[in-house]
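Engineer: My structure file start37.csv, CSV, C-alpha atoms (C1' of nucleotides), is below:
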chain,number,residue,atom,x,y,z
A,1,MET,CA,24.1,-18.1,2.8
A,2,ASN,CA,27.2,-19.1,4.7
A,3,ARG,CA,29.4,-16.1,4.0
A,4,PHE,CA,29.6,-12.8,5.9
A,5,VAL,CA,28.4,-10.0,3.7
A,6,SER,CA,26.9,-6.6,4.1
A,7,THR,CA,27.8,-4.0,6.7
A,8,PHE,CA,25.9,-3.1,9.9
A,9,THR,CA,26.5,-0.6,12.6
A,10,ASN,CA,25.4,-1.3,16.2
A,11,LYS,CA,25.7,0.4,19.5
A,12,ILE,CA,27.9,-0.5,22.4
A,13,ASP,CA,25.8,-0.2,25.5
A,14,ALA,CA,26.7,1.0,29.0
A,15,LYS,CA,28.0,-2.4,29.9
A,16,GLY,CA,30.2,-2.8,26.9
A,17,ARG,CA,27.9,-5.2,25.1
A,18,VAL,CA,27.2,-5.2,21.3
A,19,SER,CA,24.7,-7.1,19.3
A,20,ILE,CA,26.2,-9.2,16.5
A,21,PRO,CA,24.0,-8.5,13.5
A,22,ALA,CA,21.4,-11.2,13.1
A,23,PRO,CA,22.6,-12.3,9.6
A,24,PHE,CA,26.1,-12.8,10.9
A,25,ARG,CA,24.8,-14.9,13.8
A,26,ALA,CA,23.0,-17.0,11.3
A,27,VAL,CA,26.3,-17.7,9.5
A,28,LEU,CA,28.0,-18.5,12.8
A,29,GLU,CA,25.3,-21.0,13.7
A,30,ARG,CA,25.6,-22.7,10.3
A,31,ASP,CA,29.3,-22.7,10.9
A,32,GLY,CA,29.0,-24.9,13.9
A,33,TYR,CA,28.2,-22.5,16.7
A,34,ALA,CA,26.5,-24.4,19.4
A,35,HIS,CA,23.5,-22.3,20.2
A,36,GLY,CA,23.1,-21.3,23.8
A,37,SER,CA,26.1,-23.2,25.0
A,38,VAL,CA,29.8,-22.6,24.7
A,39,GLY,CA,31.5,-22.5,21.4
A,40,GLY,CA,32.5,-19.2,20.2
A,41,LEU,CA,33.4,-16.3,18.2
A,42,TYR,CA,37.1,-16.1,17.4
A,43,CYS,CA,38.2,-12.6,17.6
A,44,TYR,CA,41.6,-10.9,17.4
A,45,PRO,CA,43.2,-7.6,16.3
A,46,SER,CA,43.6,-7.2,12.6
A,47,LEU,CA,47.2,-7.4,11.6
A,48,ASP,CA,47.2,-4.4,9.3
A,49,ALA,CA,44.3,-2.3,10.4
A,50,PRO,CA,42.8,-0.6,13.5
A,51,ALA,CA,40.0,-3.2,13.5
A,52,LEU,CA,39.1,-6.6,14.8
A,53,ASP,CA,38.8,-9.7,12.8
A,54,ALA,CA,36.3,-12.3,13.8
A,55,GLY,CA,34.7,-15.5,12.6
A,56,GLY,CA,33.6,-19.0,13.6
A,57,GLU,CA,35.0,-22.4,13.2
A,58,ARG,CA,35.8,-22.0,9.6
A,59,LEU,CA,38.0,-19.1,10.3
A,60,ALA,CA,39.8,-21.1,13.0
A,61,LYS,CA,40.4,-23.9,10.6
A,62,LYS,CA,41.7,-21.6,8.0
A,63,ILE,CA,44.3,-20.3,10.4
A,64,ASP,CA,45.3,-23.8,11.2
A,65,GLY,CA,45.6,-24.5,7.5
A,66,LEU,CA,48.0,-21.5,7.1
A,67,LEU,CA,50.2,-22.7,9.9
A,68,SER,CA,50.3,-26.3,8.8
A,69,GLY,CA,51.9,-25.2,5.6
A,70,LEU,CA,54.9,-24.0,7.5
A,71,PRO,CA,57.6,-26.3,8.9
A,72,ASP,CA,57.3,-26.9,12.7
A,73,TYR,CA,59.6,-24.9,14.9
A,74,SER,CA,60.5,-22.5,12.1
A,75,ASP,CA,60.9,-18.9,13.0
A,76,GLU,CA,58.3,-18.1,10.5
A,77,ARG,CA,55.8,-20.4,12.0
A,78,ASP,CA,56.5,-19.2,15.5
A,79,GLU,CA,56.0,-15.6,14.5
A,80,LEU,CA,52.9,-16.3,12.6
A,81,SER,CA,51.5,-18.4,15.4
A,82,VAL,CA,52.0,-15.5,17.8
A,83,ALA,CA,50.6,-13.0,15.4
A,84,LEU,CA,47.5,-15.1,14.6
A,85,TYR,CA,46.9,-17.0,17.8
A,86,GLY,CA,48.5,-14.8,20.4
A,87,ASP,CA,45.8,-12.2,20.7
A,88,VAL,CA,42.8,-14.4,19.9
A,89,GLN,CA,39.9,-14.2,22.2
A,90,VAL,CA,37.1,-16.6,22.2
A,91,LEU,CA,34.0,-14.5,22.9
A,92,GLY,CA,30.8,-16.0,24.0
A,93,LEU,CA,27.5,-14.8,22.8
A,94,ASP,CA,24.8,-14.3,25.3
A,95,GLY,CA,21.2,-15.3,24.9
A,96,ASP,CA,20.4,-12.3,22.9
A,97,GLY,CA,23.3,-12.6,20.5
A,98,ARG,CA,25.6,-10.1,22.1
A,99,ILE,CA,29.2,-10.1,23.0
A,100,SER,CA,31.1,-8.0,25.4
A,101,LEU,CA,34.4,-6.7,24.1
A,102,PRO,CA,37.5,-6.9,26.3
A,103,GLU,CA,39.3,-3.6,26.8
A,104,SER,CA,42.4,-4.7,24.9
A,105,LEU,CA,40.4,-5.4,21.8
A,106,ARG,CA,38.4,-2.3,22.1
A,107,ALA,CA,41.6,-0.3,22.4
A,108,HIS,CA,43.1,-1.7,19.3
A,109,ALA,CA,40.1,-0.7,17.2
A,110,GLY,CA,39.4,2.5,18.9
A,111,LEU,CA,35.9,1.4,19.7
A,112,THR,CA,33.9,3.6,21.9
A,113,THR,CA,30.1,3.9,21.3
A,114,GLN,CA,29.5,2.2,18.0
A,115,VAL,CA,30.8,-0.7,16.0
A,116,THR,CA,30.6,-1.2,12.2
A,117,PHE,CA,30.5,-4.9,11.2
A,118,VAL,CA,31.9,-5.5,7.8
A,119,GLY,CA,31.3,-8.9,6.1
A,120,LEU,CA,34.4,-10.2,4.3
A,121,GLY,CA,33.3,-13.6,3.3
A,122,ASP,CA,35.0,-16.1,5.6
A,123,LYS,CA,35.3,-13.6,8.4
A,124,PHE,CA,34.1,-10.2,9.4
A,125,GLN,CA,35.7,-7.1,10.8
A,126,MET,CA,34.6,-4.7,13.5
A,127,TRP,CA,35.5,-1.0,13.0
A,128,GLU,CA,35.0,2.3,14.6
A,129,PRO,CA,32.5,3.8,12.2
A,130,GLY,CA,34.6,6.9,11.4
A,131,ARG,CA,37.7,5.0,10.7
A,132,PHE,CA,35.9,2.5,8.6
A,133,ALA,CA,34.6,5.3,6.4
A,134,LYS,CA,38.1,6.5,5.7
A,135,ARG,CA,39.4,3.1,5.1
A,136,ARG,CA,36.7,2.3,2.7
A,137,GLU,CA,37.3,5.5,0.8
A,138,ARG,CA,40.9,4.6,0.4
A,139,ALA,CA,40.0,1.1,-0.7
A,140,ARG,CA,37.6,2.4,-3.3
A,141,GLU,CA,40.3,4.6,-4.8
A,142,LYS,CA,42.6,1.8,-5.0
A,143,VAL,CA,40.1,-0.4,-6.7
A,144,GLN,CA,39.3,2.4,-9.2
A,145,HIS,CA,43.0,2.6,-10.0
A,146,THR,CA,43.3,-1.1,-10.4
A,147,ARG,CA,40.3,-1.1,-12.6
A,148,LYS,CA,41.7,1.5,-14.9
A,149,LEU,CA,44.8,-0.6,-15.3
A,150,PHE,CA,42.6,-3.6,-16.2
A,151,SER,CA,40.6,-1.7,-18.7
A,152,ALA,CA,43.2,0.5,-20.2
A,153,GLY,CA,42.7,0.6,-23.9
A,154,ASN,CA,39.4,-1.1,-24.3
A,155,ARG,CA,37.1,1.6,-22.9
A,156,HIS,CA,36.4,5.1,-24.0
A,157,SER,CA,34.5,6.2,-20.9
A,158,SER,CA,35.5,9.3,-19.0
A,159,PRO,CA,36.9,8.7,-15.5
A,160,GLU,CA,34.1,10.6,-13.8
A,161,GLU,CA,30.8,9.1,-15.0
A,162,GLY,CA,29.4,7.1,-17.7
A,163,GLY,CA,31.8,4.3,-17.1
A,164,ASP,CA,29.1,2.0,-16.1
A,165,GLU,CA,30.6,-1.0,-17.8
A,166,GLY,CA,32.4,-1.7,-14.6
A,167,ALA,CA,34.8,-4.5,-14.0
A,168,ARG,CA,33.7,-4.2,-10.4
A,169,GLY,CA,31.9,-7.5,-10.7
B,1,MET,CA,16.9,-14.9,-21.2
B,2,ASN,CA,19.3,-14.8,-18.3
B,3,ARG,CA,20.8,-11.3,-18.8
B,4,PHE,CA,19.5,-8.1,-17.5
B,5,VAL,CA,18.3,-5.9,-20.3
B,6,SER,CA,16.0,-2.9,-20.8
B,7,THR,CA,15.2,-0.1,-18.4
B,8,PHE,CA,12.3,0.3,-16.1
B,9,THR,CA,11.2,3.0,-13.7
B,10,ASN,CA,9.4,2.2,-10.5
B,11,LYS,CA,8.3,4.1,-7.5
B,12,ILE,CA,9.7,4.1,-4.0
B,13,ASP,CA,6.8,3.9,-1.6
B,14,ALA,CA,6.4,5.5,1.8
B,15,LYS,CA,8.3,2.7,3.5
B,16,GLY,CA,11.2,2.8,1.2
B,17,ARG,CA,10.2,-0.2,-0.9
B,18,VAL,CA,10.7,-0.6,-4.6
B,19,SER,CA,9.5,-3.3,-6.9
B,20,ILE,CA,12.2,-5.1,-8.9
B,21,PRO,CA,11.0,-5.2,-12.5
B,22,ALA,CA,9.5,-8.6,-13.1
B,23,PRO,CA,11.9,-9.4,-16.0
B,24,PHE,CA,14.8,-8.8,-13.7
B,25,ARG,CA,13.3,-11.0,-11.0
B,26,ALA,CA,13.0,-13.7,-13.5
B,27,VAL,CA,16.7,-13.4,-14.2
B,28,LEU,CA,17.5,-13.5,-10.5
B,29,GLU,CA,15.5,-16.6,-10.0
B,30,ARG,CA,17.3,-18.4,-12.8
B,31,ASP,CA,20.5,-17.2,-11.3
B,32,GLY,CA,19.9,-19.2,-8.2
B,33,TYR,CA,17.7,-17.0,-6.1
B,34,ALA,CA,16.0,-19.1,-3.5
B,35,HIS,CA,12.4,-18.0,-3.9
B,36,GLY,CA,10.7,-17.0,-0.7
B,37,SER,CA,13.6,-17.8,1.5
B,38,VAL,CA,16.9,-16.2,2.1
B,39,GLY,CA,19.4,-15.6,-0.6
B,40,GLY,CA,19.4,-12.2,-2.1
B,41,LEU,CA,20.1,-9.3,-4.3
B,42,TYR,CA,23.7,-8.2,-4.0
B,43,CYS,CA,23.8,-4.4,-4.1
B,44,TYR,CA,26.5,-1.8,-3.7
B,45,PRO,CA,27.3,1.8,-4.8
B,46,SER,CA,28.8,2.0,-8.2
B,47,LEU,CA,32.4,3.0,-8.2
B,48,ASP,CA,32.2,5.7,-10.8
B,49,ALA,CA,28.6,6.8,-11.0
B,50,PRO,CA,25.9,8.1,-8.7
B,51,ALA,CA,24.1,4.8,-9.0
B,52,LEU,CA,23.8,1.4,-7.4
B,53,ASP,CA,25.0,-1.8,-8.9
B,54,ALA,CA,23.1,-5.0,-8.2
B,55,GLY,CA,22.9,-8.6,-9.3
B,56,GLY,CA,22.5,-12.1,-8.1
B,57,GLU,CA,24.7,-15.1,-7.4
B,58,ARG,CA,26.6,-14.8,-10.6
B,59,LEU,CA,27.7,-11.3,-9.6
B,60,ALA,CA,28.7,-12.5,-6.2
B,61,LYS,CA,30.8,-15.2,-7.7
B,62,LYS,CA,32.5,-12.8,-10.0
B,63,ILE,CA,33.5,-10.8,-6.9
B,64,ASP,CA,34.8,-13.9,-5.3
B,65,GLY,CA,36.8,-14.7,-8.4
B,66,LEU,CA,38.6,-11.4,-8.1
B,67,LEU,CA,39.7,-12.2,-4.6
B,68,SER,CA,40.5,-15.9,-5.1
B,69,GLY,CA,43.7,-14.9,-6.8
B,70,LEU,CA,45.1,-13.2,-3.8
B,71,PRO,CA,46.7,-15.1,-0.8
B,72,ASP,CA,44.6,-15.2,2.4
B,73,TYR,CA,45.5,-12.7,5.0
B,74,SER,CA,47.6,-10.6,2.7
B,75,ASP,CA,47.2,-6.8,3.1
B,76,GLU,CA,46.3,-6.6,-0.5
B,77,ARG,CA,43.4,-9.0,-0.1
B,78,ASP,CA,42.1,-7.4,3.0
B,79,GLU,CA,42.0,-4.1,1.4
B,80,LEU,CA,40.4,-5.3,-1.7
B,81,SER,CA,37.9,-7.3,0.4
B,82,VAL,CA,36.9,-4.1,2.1
B,83,ALA,CA,36.4,-2.4,-1.1
B,84,LEU,CA,34.5,-5.2,-2.8
B,85,TYR,CA,32.6,-6.7,0.1
B,86,GLY,CA,32.5,-3.7,2.5
B,87,ASP,CA,30.0,-1.8,0.5
B,88,VAL,CA,27.8,-4.8,-0.5
B,89,GLN,CA,24.4,-5.1,1.0
B,90,VAL,CA,22.4,-8.2,0.6
B,91,LEU,CA,18.8,-7.2,0.1
B,92,GLY,CA,16.0,-9.6,0.6
B,93,LEU,CA,13.0,-9.6,-1.8
B,94,ASP,CA,9.7,-9.8,-0.2
B,95,GLY,CA,6.8,-11.9,-1.4
B,96,ASP,CA,5.9,-9.3,-4.0
B,97,GLY,CA,9.3,-8.9,-5.4
B,98,ARG,CA,10.2,-5.7,-3.6
B,99,ILE,CA,13.3,-4.6,-1.8
B,100,SER,CA,13.7,-1.9,0.7
B,101,LEU,CA,16.7,0.3,0.1
B,102,PRO,CA,18.8,1.3,3.2
B,103,GLU,CA,19.4,5.0,3.6
B,104,SER,CA,23.2,4.7,2.9
B,105,LEU,CA,22.5,3.3,-0.6
B,106,ARG,CA,19.7,5.7,-1.3
B,107,ALA,CA,22.0,8.5,-0.5
B,108,HIS,CA,24.8,7.5,-2.8
B,109,ALA,CA,22.4,7.4,-5.8
B,110,GLY,CA,20.3,10.3,-4.7
B,111,LEU,CA,17.2,8.2,-4.8
B,112,THR,CA,14.1,9.8,-3.5
B,113,THR,CA,10.8,8.9,-5.1
B,114,GLN,CA,11.6,6.9,-8.2
B,115,VAL,CA,14.2,4.4,-9.4
B,116,THR,CA,15.3,3.7,-12.9
B,117,PHE,CA,16.5,0.1,-13.4
B,118,VAL,CA,19.0,-0.3,-16.1
B,119,GLY,CA,20.0,-3.7,-17.4
B,120,LEU,CA,23.7,-4.2,-18.0
B,121,GLY,CA,23.9,-7.9,-18.8
B,122,ASP,CA,25.4,-9.6,-15.7
B,123,LYS,CA,24.1,-6.9,-13.4
B,124,PHE,CA,21.8,-3.9,-13.4
B,125,GLN,CA,22.0,-0.4,-12.1
B,126,MET,CA,19.6,1.7,-10.1
B,127,TRP,CA,19.5,5.4,-11.0
B,128,GLU,CA,17.6,8.5,-10.0
B,129,PRO,CA,15.6,9.0,-13.2
B,130,GLY,CA,16.8,12.6,-13.8
B,131,ARG,CA,20.4,11.7,-13.4
B,132,PHE,CA,20.1,8.7,-15.6
B,133,ALA,CA,18.5,10.8,-18.3
B,134,LYS,CA,21.5,13.1,-18.3
B,135,ARG,CA,23.9,10.3,-18.3
B,136,ARG,CA,22.2,8.7,-21.2
B,137,GLU,CA,22.2,11.9,-23.1
B,138,ARG,CA,26.0,12.1,-22.7
B,139,ALA,CA,26.3,8.5,-23.7
B,140,ARG,CA,24.4,9.2,-26.9
B,141,GLU,CA,26.8,12.1,-27.7
B,142,LYS,CA,29.7,9.8,-27.2
B,143,VAL,CA,28.3,7.2,-29.4
B,144,GLN,CA,27.9,9.7,-32.1
B,145,HIS,CA,31.4,10.7,-31.7
B,146,THR,CA,32.6,7.2,-31.7
B,147,ARG,CA,30.7,6.5,-34.8
B,148,LYS,CA,32.5,9.3,-36.6
B,149,LEU,CA,35.8,7.8,-35.5
B,150,PHE,CA,34.8,4.5,-37.0
B,151,SER,CA,33.7,6.5,-40.0
B,152,ALA,CA,31.7,4.8,-42.6
B,153,GLY,CA,31.5,1.1,-43.1
B,154,ASN,CA,30.9,0.0,-39.6
B,155,ARG,CA,27.2,0.3,-39.4
B,156,HIS,CA,26.1,-1.5,-36.3
B,157,SER,CA,25.7,0.5,-33.2
B,158,SER,CA,28.2,0.6,-30.3
B,159,PRO,CA,27.5,-1.2,-27.1
B,160,GLU,CA,26.2,1.9,-25.3
B,161,GLU,CA,23.0,2.0,-27.3
B,162,GLY,CA,21.8,-1.6,-27.0
B,163,GLY,CA,19.5,-1.7,-24.0
B,164,ASP,CA,18.7,1.9,-23.3
B,165,GLU,CA,15.4,2.1,-25.1
B,166,GLY,CA,12.1,0.7,-24.0
B,167,ALA,CA,11.6,2.7,-20.8
B,168,ARG,CA,8.3,2.1,-19.3
B,169,GLY,CA,6.3,3.3,-16.4
C,1,DG,C1',31.2,-6.9,51.1
C,2,DC,C1',31.8,-4.8,46.9
C,3,DT,C1',32.5,-4.9,42.0
C,4,DT,C1',32.1,-7.1,37.7
C,5,DT,C1',30.1,-10.3,34.7
C,6,DT,C1',26.3,-13.2,33.0
C,7,DC,C1',21.5,-14.2,32.4
C,8,DC,C1',16.7,-13.0,31.8
C,9,DC,C1',13.0,-10.0,30.6
C,10,DA,C1',10.7,-5.7,28.7
C,11,DT,C1',10.1,-2.5,25.0
C,12,DG,C1',10.0,0.0,20.9
C,13,DG,C1',11.3,0.5,16.3
C,14,DC,C1',11.8,-1.4,12.0
C,15,DA,C1',11.4,-4.9,8.5
C,16,DT,C1',8.8,-8.4,6.7
C,17,DC,C1',4.7,-10.7,5.5
C,18,DC,C1',0.1,-10.7,3.9
C,19,DC,C1',-3.8,-8.9,1.6
C,20,DA,C1',-6.3,-5.5,-1.3
C,21,DT,C1',-6.6,-2.7,-5.4
C,22,DA,C1',-5.7,-0.5,-9.8
C,23,DT,C1',-3.6,-0.7,-14.1
C,24,DA,C1',-1.7,-2.9,-18.0
C,25,DT,C1',-1.2,-7.0,-21.0
C,26,DG,C1',-2.5,-10.9,-23.4
C,27,DC,C1',-5.8,-14.3,-24.7
C,28,DC,C1',-10.1,-16.1,-26.1
C,29,DC,C1',-14.3,-16.1,-28.1
C,30,DA,C1',-18.0,-14.0,-30.3
D,1,DT,C1',-11.7,-7.8,-35.7
D,2,DG,C1',-13.2,-6.0,-31.6
D,3,DG,C1',-14.9,-6.6,-27.0
D,4,DG,C1',-14.4,-8.7,-22.7
D,5,DC,C1',-12.3,-11.7,-19.5
D,6,DA,C1',-8.2,-13.6,-17.2
D,7,DT,C1',-3.6,-13.0,-15.7
D,8,DA,C1',0.4,-10.5,-14.2
D,9,DT,C1',2.5,-6.5,-12.2
D,10,DA,C1',3.1,-2.5,-9.5
D,11,DT,C1',1.7,-0.1,-5.5
D,12,DG,C1',-0.6,0.9,-1.1
D,13,DG,C1',-1.7,-0.1,3.6
D,14,DG,C1',-2.3,-3.0,7.9
D,15,DA,C1',-0.6,-6.3,11.0
D,16,DT,C1',2.8,-9.2,12.9
D,17,DG,C1',7.2,-10.8,14.2
D,18,DC,C1',12.1,-10.1,14.7
D,19,DC,C1',15.8,-7.6,16.5
D,20,DA,C1',18.6,-4.2,18.7
D,21,DT,C1',18.8,-2.0,23.0
D,22,DG,C1',18.2,-1.0,27.8
D,23,DG,C1',17.6,-2.3,32.6
D,24,DG,C1',17.3,-5.3,36.6
D,25,DA,C1',18.4,-9.5,39.0
D,26,DA,C1',21.3,-13.3,39.9
D,27,DA,C1',25.8,-15.3,40.0
D,28,DA,C1',30.7,-15.2,40.1
D,29,DG,C1',35.2,-13.1,41.1
D,30,DC,C1',38.2,-10.0,44.0
Please express what this file holds, its structure, as structure tokens.
Structural biologist:
Amino acid sequence: MNRFVSTFTNKIDAKGRVSIPAPFRAVLERDGYAHGSVGGLYCYPSLDAPALDAGGERLAKKIDGLLSGLPDYSDERDELSVALYGDVQVLGLDGDGRISLPESLRAHAGLTTQVTFVGLGDKFQMWEPGRFAKRRERAREKVQHTRKLFSAGNRHSSPEEGGDEGARG
Amino acid sequence: MNRFVSTFTNKIDAKGRVSIPAPFRAVLERDGYAHGSVGGLYCYPSLDAPALDAGGERLAKKIDGLLSGLPDYSDERDELSVALYGDVQVLGLDGDGRISLPESLRAHAGLTTQVTFVGLGDKFQMWEPGRFAKRRERAREKVQHTRKLFSAGNRHSSPEEGGDEGARG
DNA sequence: GCTTTTCCCATGGCATCCCATATATGCCCA
DNA sequence: TGGGCATATATGGGATGCCATGGGAAAAGC
């Protein structure tokens, strides 16, 4: 497995440390994270959510790829560079697979005592558990709505239940 | 056979483990489940039913397919990602073909002592047996209704009825 | 010198692995 | 054709290893 999937919720301890879920660490290592030495977890505030985005080398390369598509010295590129790179922190994992989150990052996501890690394939996000619950609810509603558009006309199921022929997958 | 069909009911033991019905395991293995090692069963709350959806690699790829149409780092993609990936748990099968269900998933489906596995082709669902019985009853009524609409001439059954029979255990 | 960060170790809970058993299924042979 | 054996499957329990978490000590920064 080399994608981030599943969600996990871990504690922030008194020193501000959080364990990266073991499955995510495994993905990071496969992705080129030098175990025990430097290398790192690329982490930055999500552009459109009170959360943090994070990932390994692959994520960094993807960002590079996005930028390389834009002409040098264009306003667009400058803005995107700032947005994407400006707030990036490279966090080091300690021997036990933990990171410590800088105050600026913690503030952006409203993190206090717990962190919910959400796998999103190439990257993962870190949320304050309560906020994530709300966000997820919203996202689910949206998907339901989209699904109904997809399936309009070819299903007879009621909206509530029984519609197990889901286009969710 | 590489589709999930039939229904089976198995017990949840004291540790929260459930045996995946052997026929379903066979499908998962064909689908690319790395036996004995990592890899897994992708599992998430059904969008519109008090049940869990689950499947193997094929299901995961289907989800990826939905996202691949959207540009990276768009708001739309992030939101959809959260909805599709955010709820997904990757469950590992132990040597005896069992999974252990996290509390969050169990809660969504109201699972306590037993699980009814319902094959749906590319994926399968996990239901609390009582709830599934009710839902099936409703489905039957609907089928009857649909048949009347079709009126005479169209004799073969509607999709709902195909795999429901054959409960065991 | 004091505070903050990093490293290392201890521990307890939980998940996984392994083995044992009972029940059902199919097959073989009488 | 029927009985019995062999295999597969589901389920239970014990043990072991991993992992998240906490705390202390050493190192680095102010």
Engineer: Report as CSV: every residue of chain A with an atom at most 9 Å from chain D, its closest pair of atoms, and their distance in Å to one decimal, counting all atoms listed in the file, with rows sorted by chain and ascending residue number.
Structural biologist:
residue,atom,partner,partner_atom,distance
A:Asn10,CA,D:DA20,C1',7.8
A:Lys11,CA,D:DT21,C1',8.1
A:Asp13,CA,D:DT21,C1',7.6
A:Ala14,CA,D:DG22,C1',8.8
A:Ser19,CA,D:DA20,C1',6.8
A:Pro21,CA,D:DA20,C1',8.6
A:Ala22,CA,D:DC19,C1',7.5
Engineer: With chain B laid on chain A by least squares, using all C-alpha atoms in order, how large is the RMSD?
Structural biologist: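 The fitted C-alpha deviation between chain A and chain B is 5.5 Å.
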Engineer: Residues of chain C that approach chain A to 9 Å or less, counting all atoms listed in the file: could you list each one with the shortest pair of atoms and its distance in Å to one decimal, rows by chain and increasing residue number, as CSV?
Structural biologist:
residue,atom,partner,partner_atom,distance
C:DT6,C1',A:Asp94,CA,7.9
C:DC7,C1',A:Gly95,CA,7.6
C:DC8,C1',A:Gly95,CA,8.6
Engineer: For a test of reading the model, state the distance in Å between CA of Leu80 in chain B and CA of Leu52 in chain A, rounded to one decimal.
Structural biologist: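 Atom-to-atom, CA of Leu80 in chain B to CA of Leu52 in chain A, that is 16.6 Å.
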Engineer: Mind pulling up the distance from CA of Val82 in chain B to CA of Asp78 in chain A?
Structural biologist: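 Computed distance, CA of Asp78 in chain A to CA of Val82 in chain B, equals 28.1 Å.
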Engineer: In Å, with one decimal, what is the gap from CA of His108 in chain A to CA of Leu47 in chain A?
Structural biologist: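 These two atoms are separated by 10.4 Å.
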Engineer: Would you list the contacts of range 119-130 of chain A as a short mmCIF file (atom, residue, chain, number, x, y, z; two decimals) with C-alpha atoms, in the coordinates of the input, taking every protein, DNA or RNA residue within 8 Å and counting all atoms listed in the file, but skipping same-chain residues closer than 4 positions in sequence?
Structural biologist:
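The resulting out.cif:
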data_model
loop_
_atom_site.label_atom_id
_atom_site.label_comp_id
_atom_site.auth_asym_id
_atom_site.auth_seq_id
_atom_site.Cartn_x
_atom_site.Cartn_y
_atom_site.Cartn_z
CA ARG A 3 29.40 -16.10 4.00
CA PHE A 4 29.60 -12.80 5.90
CA VAL A 5 28.40 -10.00 3.70
CA SER A 6 26.90 -6.60 4.10
CA THR A 7 27.80 -4.00 6.70
CA THR A 9 26.50 -0.60 12.60
CA PRO A 50 42.80 -0.60 13.50
CA ALA A 51 40.00 -3.20 13.50
CA LEU A 52 39.10 -6.60 14.80
CA ASP A 53 38.80 -9.70 12.80
CA ALA A 54 36.30 -12.30 13.80
CA GLY A 55 34.70 -15.50 12.60
CA GLY A 56 33.60 -19.00 13.60
CA ARG A 58 35.80 -22.00 9.60
CA LEU A 59 38.00 -19.10 10.30
CA ALA A 109 40.10 -0.70 17.20
CA GLY A 110 39.40 2.50 18.90
CA LEU A 111 35.90 1.40 19.70
CA THR A 112 33.90 3.60 21.90
CA GLN A 114 29.50 2.20 18.00
CA VAL A 115 30.80 -0.70 16.00
CA LYS A 134 38.10 6.50 5.70
CA SER B 81 37.90 -7.30 0.40
CA VAL B 82 36.90 -4.10 2.10
CA TYR B 85 32.60 -6.70 0.10
CA GLY B 86 32.50 -3.70 2.50
#
Engineer: Show me, as a ChimeraX atom specification, every residue of chain B with an atom at most 8 Å from chain A, counting only C-alpha atoms.
Structural biologist: /B:38-39,46-49,59-60,62-63,75,79-90,120,135,138-139
